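To keep things clear, I will list the structure first and then write my remarks on it.
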Amino acid sequence: MKAVFHTGVPAAWGDALGESPWCLATAGGKPLLEYWLELAAELGVNEVRLVLGDGADEIEAFCGDGSRWGLKVDYGFLKNVNDPDAYLRRSPEHWSDGLLYICGPVFPRRLNMPPWPKPAEGVTWQLQNDGKTVCLLSRHQPDIQAFISGAIFAAKGKWADIGLAPVTLRDMQAYYELNMSLVGGESKLYVSQGYSSRDGASIGYNVMIPPSVELRPPLSIGNDCRIHPMAVVGPNAVIGDHVIVDRQTELSECVVLDSTYLGRNLEIKGKIVSGSRVISPGDGFVVEFEEPWLLAQLESYSKVNDFVRAIVGWAVAAGLMLVQVIPLLFFYPLISLLGVGRYRLSARMGLGGRLLRIPVWTTLNSQSRLGRIFTGLSLDLFPLIALAVFGRLWLCGHAPLHPTRDQAIRKRLRSYFPAAIDYSTRRSASGDRTVEATDALYYERYRSPLEDLRTVFGTLSGRLFDALSGESADSAIPCDPDV
Amino acid sequence: MNVRFEVREGRGVIAVSGALNIASVDSLRDQCSRWMNDNDAIRQIVLDLGAMDFIDSAGLGVMVSILKRVSERGGDIRIARLQKQPRVVFEITRAYKIFEIFDSVEEAFKAKA
């Protein structure tokens, strides 16, 4: 059996959600298209044709060759959106073994938990919307041929007999209600056996939630999210991947799509938020916010943003180097003589993934007042700041990753900015891979010249404060004893 | 943005139309300030926003500053006829907890303090 999925058919409500194609809009934290592919795999489909329209690149990047689902995915293009069945008519014999056809925003709703009954041969299931077939499942060749040729035929199958009830998502309200239904408990029908979420809270990988955050299930939080202190999430909140929820913001009965920043002290209730857009599901009314401190689309980075970061970072690094050079010449000989600490070379991934040996400060006597002054003035960072001046590192960015130990984090980053100063510089490297991965992913999506300046000056002033209050700062980057 | 001031039965009605954003907040603040100085006996004011189709955070800020000024002299401000875009802004910024919002100017007048 083969499957043909049309993603190029326009859906007006999908346009309001943003630039991504509607088939990648998440429902219960998972793109609609993924539900189709999972259904195809479940039904024993081995070959899927995705007929693309707008957003083809994004869809291809998501599906790849289909091996994630055990499918073979090929791609085609829709020439005439008013006649999607024309694609099938090009080679009618291709579909004679059976066909799963979905055209437009259809959600393949499950009615019960697996195992689901297998569709019988000789029976055809059909869902129509405004007189057009939007979903068809058949292994009955005459019905398939009739459908392809546009002839009228009577589908005998009842979807409920095979545990399905596909629905057309006609408008924003239907999309919102689907999300609420999924987070309210329906999502358990779409995960593999053996998984259970007793409290109705589903939380993805690399999600940072401080203790002061209140979670009120049912809720769903995607991967790589950061929830700031005193936020309240739930009940019935669906949060996508790469979402940042700032302090004291409350989310309930809402859908927050991927890569959205929600500012401080907001209340999102009964809305869909996609980047800087707030959508009222009832009437589909869209409000675009122009103030990025309220709502913003993350990942909208331009080369200009990184260019400005580079210029600002270099200027600040050069200034810091000039300020630090005289204190360093005074303190470092003393520190070395007294055995308070020393620099050791450590292998890290530099710019462009090249191997770089960077001098990392190691405190040998944490009780030394001189050592506290040294790190309080951030003189331990001097070689790294010098590397930033000479273009080998960024001033602010990611903690330089280890060439072998940090491969998994590196693979998850689209852009890598090894830097002298990062989020962990003040608090000392934890060695916790999860925290480091979350920091790295957060920075990748939230970076800006302002964020860099805030991080650099926050780190330097914080270390000085720590030193004055008697706390010693150890190496920001863990030094490998074997190097 | 246009502002129209009116006194009805001893209460003030400030009708704002157009967009209340960073470009127009100073004008609204100045006009309101002058009008309130000239009518300092008025305690209850209704902001009629039936023709205001856009507001941003700067606009919200000026409304809060007007509310503060009126509250200091023992009065209050009510909002009437909030349109779709401003309503969403009021909802997500929790401004609806600061202001009383009514469907019409008459309802705002009738409501008890």
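Order determines the names: the first chain of the structure tokens is A, the second B, and so forth; residues in each chain are numbered 1 upward, and ligands are numbered 1 upward as they are shown.
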According to DSSP computed on the backbone, where in stretch 28-97 of chain B is there alpha helix (DSSP H)? Give the residues as JSON, numbers by chain.
{"B": [28, 29, 30, 31, 32, 33, 34, 35, 36, 37, 38, 57, 58, 59, 60, 61, 62, 63, 64, 65, 66, 67, 68, 69, 70, 71, 72, 84, 85, 86, 87, 88, 89, 90, 91, 92]}
Preceding selection exported with C-alpha atoms as a JSON list (two decimals), in the first residue's frame:
```json
[["chain", "number", "residue", "atom", "x", "y", "z"],
["B", 28, "LEU", "CA", -2.90, 62.22, 24.70],
["B", 29, "ARG", "CA", -1.08, 62.78, 27.99],
["B", 30, "ASP", "CA", -0.81, 66.55, 27.38],
["B", 31, "GLN", "CA", -4.42, 66.95, 26.24],
["B", 32, "CYS", "CA", -5.75, 64.92, 29.16],
["B", 33, "SER", "CA", -3.59, 66.82, 31.60],
["B", 34, "ARG", "CA", -4.90, 70.19, 30.38],
["B", 35, "TRP", "CA", -8.50, 69.00, 30.34],
["B", 36, "MET", "CA", -8.26, 67.56, 33.85],
["B", 37, "ASN", "CA", -6.72, 70.80, 35.12],
["B", 38, "ASP", "CA", -9.63, 72.73, 33.62],
["B", 57, "SER", "CA", 2.50, 49.10, 25.61],
["B", 58, "ALA", "CA", 3.25, 52.84, 25.52],
["B", 59, "GLY", "CA", -0.48, 53.50, 25.10],
["B", 60, "LEU", "CA", -1.25, 51.25, 28.05],
["B", 61, "GLY", "CA", 1.37, 53.13, 30.05],
["B", 62, "VAL", "CA", -0.27, 56.50, 29.46],
["B", 63, "MET", "CA", -3.67, 55.08, 30.44],
["B", 64, "VAL", "CA", -2.22, 53.82, 33.70],
["B", 65, "SER", "CA", -0.66, 57.25, 34.35],
["B", 66, "ILE", "CA", -4.03, 58.94, 33.75],
["B", 67, "LEU", "CA", -5.69, 56.42, 36.07],
["B", 68, "LYS", "CA", -3.09, 57.15, 38.73],
["B", 69, "ARG", "CA", -3.67, 60.88, 38.48],
["B", 70, "VAL", "CA", -7.45, 60.53, 38.68],
["B", 71, "SER", "CA", -7.18, 58.07, 41.59],
["B", 72, "GLU", "CA", -4.99, 60.51, 43.50],
["B", 84, "LYS", "CA", -10.69, 43.62, 19.32],
["B", 85, "GLN", "CA", -7.00, 44.48, 19.11],
["B", 86, "PRO", "CA", -6.91, 46.57, 22.29],
["B", 87, "ARG", "CA", -8.98, 43.90, 24.09],
["B", 88, "VAL", "CA", -6.33, 41.25, 23.36],
["B", 89, "VAL", "CA", -3.60, 43.63, 24.57],
["B", 90, "PHE", "CA", -5.58, 44.32, 27.77],
["B", 91, "GLU", "CA", -6.08, 40.59, 28.28],
["B", 92, "ILE", "CA", -2.53, 39.37, 27.87]]
```
Would you list the contacts of B:Ser104 as an MDAnalysis selection string, taking every protein, DNA or RNA residue within 12 Å and counting only C-alpha atoms, but skipping same-chain residues closer than 6 positions in sequence?
chainID B and resid 13 15 46:50 78:83 110:111
Need the shell around stretch 277-285 of chain A: protein/DNA/RNA residues with any atom at most 6 Å away, counting only C-alpha atoms. Skip same-chain ones fewer than 4 positions apart. Format as a PyMOL selection string?
chain A and resi 172-173+271-273
So that I can check the surroundings of A:Arg392, please list as a list in words every protein, DNA and RNA residue that reaches within 9 Å of it, counting only C-alpha atoms and ignoring chain neighbours fewer than 6 positions away.
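The neighbour list is Gly350, Leu351, Leu356, Leu384, Ala386, Pro418 and Ala419 of chain A.
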Could you list, as a ChimeraX atom specification, every residue within 10 Å of A:Ser181, counting only C-alpha atoms and ignoring same-chain residues fewer than 6 positions away?
/A:27-28,175,187,236
Find the residues in chain A near chain B: any atom within 10 Å counts, using only C-alpha atoms. Write them as number ranges by chain.
A: 249-251, 263-269, 271, 278-280, 285-291, 293-294
Prev. selection, C-alpha atoms, output as a PDB file, in the first residue's frame:
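So selection-v1.pdb came out as:
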```
ATOM      1  CA  THR A 249       3.733  34.781  33.164  1.00  0.00           C
ATOM      2  CA  GLU A 250       0.647  32.580  33.435  1.00  0.00           C
ATOM      3  CA  LEU A 251      -0.420  30.182  30.701  1.00  0.00           C
ATOM      4  CA  GLY A 263       7.578  38.239  28.036  1.00  0.00           C
ATOM      5  CA  ARG A 264       7.227  38.987  31.714  1.00  0.00           C
ATOM      6  CA  ASN A 265       4.045  39.058  33.729  1.00  0.00           C
ATOM      7  CA  LEU A 266       1.700  38.177  30.874  1.00  0.00           C
ATOM      8  CA  GLU A 267      -1.487  36.158  31.047  1.00  0.00           C
ATOM      9  CA  ILE A 268      -2.215  33.924  28.103  1.00  0.00           C
ATOM     10  CA  LYS A 269      -5.590  32.264  28.421  1.00  0.00           C
ATOM     11  CA  LYS A 271      -5.388  31.966  22.946  1.00  0.00           C
ATOM     12  CA  VAL A 278      -1.782  36.191  19.353  1.00  0.00           C
ATOM     13  CA  ILE A 279      -4.751  34.468  17.771  1.00  0.00           C
ATOM     14  CA  SER A 280      -8.234  34.241  19.215  1.00  0.00           C
ATOM     15  CA  PHE A 285      -8.637  37.309  14.939  1.00  0.00           C
ATOM     16  CA  VAL A 286      -4.881  37.911  14.848  1.00  0.00           C
ATOM     17  CA  VAL A 287      -3.011  40.551  16.822  1.00  0.00           C
ATOM     18  CA  GLU A 288       0.607  41.148  15.874  1.00  0.00           C
ATOM     19  CA  PHE A 289       2.786  42.488  18.675  1.00  0.00           C
ATOM     20  CA  GLU A 290       5.648  44.718  17.648  1.00  0.00           C
ATOM     21  CA  GLU A 291       7.273  44.917  21.068  1.00  0.00           C
ATOM     22  CA  TRP A 293       9.815  42.366  25.202  1.00  0.00           C
ATOM     23  CA  LEU A 294       6.180  41.216  25.198  1.00  0.00           C
TER      24      LEU A 294
END
```
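The space between atom CA of A:Gly163 and atom CA of A:Val9 spans 26.4 Å.
Closest to B:Asp76 among B:Lys97, B:Arg43, B:Arg11, B:Arg4 is B:Arg43, based on only C-alpha atoms.
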Run DSSP on the backbone and tell me which residues of chain B come out as strand (DSSP E); list them as an MDAnalysis selection string.
chainID B and resid 2:8 11:20 44:55 76:80 100:102
Who sits within 7 Å of A:Thr455, only C-alpha atoms, same chain under 4 positions skipped, as a list in words:
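That gives Tyr423, Glu451 and Thr459 of chain A.
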Export, as a CSV table (one decimal), in the first residue's frame, the selected residues with N, CA and C atoms.
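Wrote it out as result-v4.csv, contents follow:
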```csv
chain,number,residue,atom,x,y,z
A,423,TYR,N,27.0,31.6,29.8
A,423,TYR,CA,26.1,31.6,30.9
A,423,TYR,C,26.7,31.0,32.1
A,451,GLU,N,21.8,40.9,24.7
A,451,GLU,CA,22.0,39.7,25.6
A,451,GLU,C,23.4,39.4,25.9
A,459,THR,N,28.2,38.8,34.3
A,459,THR,CA,29.2,37.8,34.7
A,459,THR,C,30.4,38.5,35.5
```
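As for atom CA of A:Gly204 and atom CA of A:Ala56, they are spaced 26.6 Å apart.
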How many Å separate atom CA of A:Pro235 from atom CA of A:Leu39?
28.5 Å
Counting only C-alpha atoms, the residue of A:Met208, A:Cys135, A:Ile239, A:Leu464 that sits nearest A:Glu436:
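Selected residue with least distance to A:Glu436: A:Met208.
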Could you tell me which of A:Lys118, A:Arg369, A:His398, A:Arg90 comes closest to A:Gly470 if we count only C-alpha atoms?
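Using only C-alpha atoms, A:Gly470 sits closest to A:Arg369.
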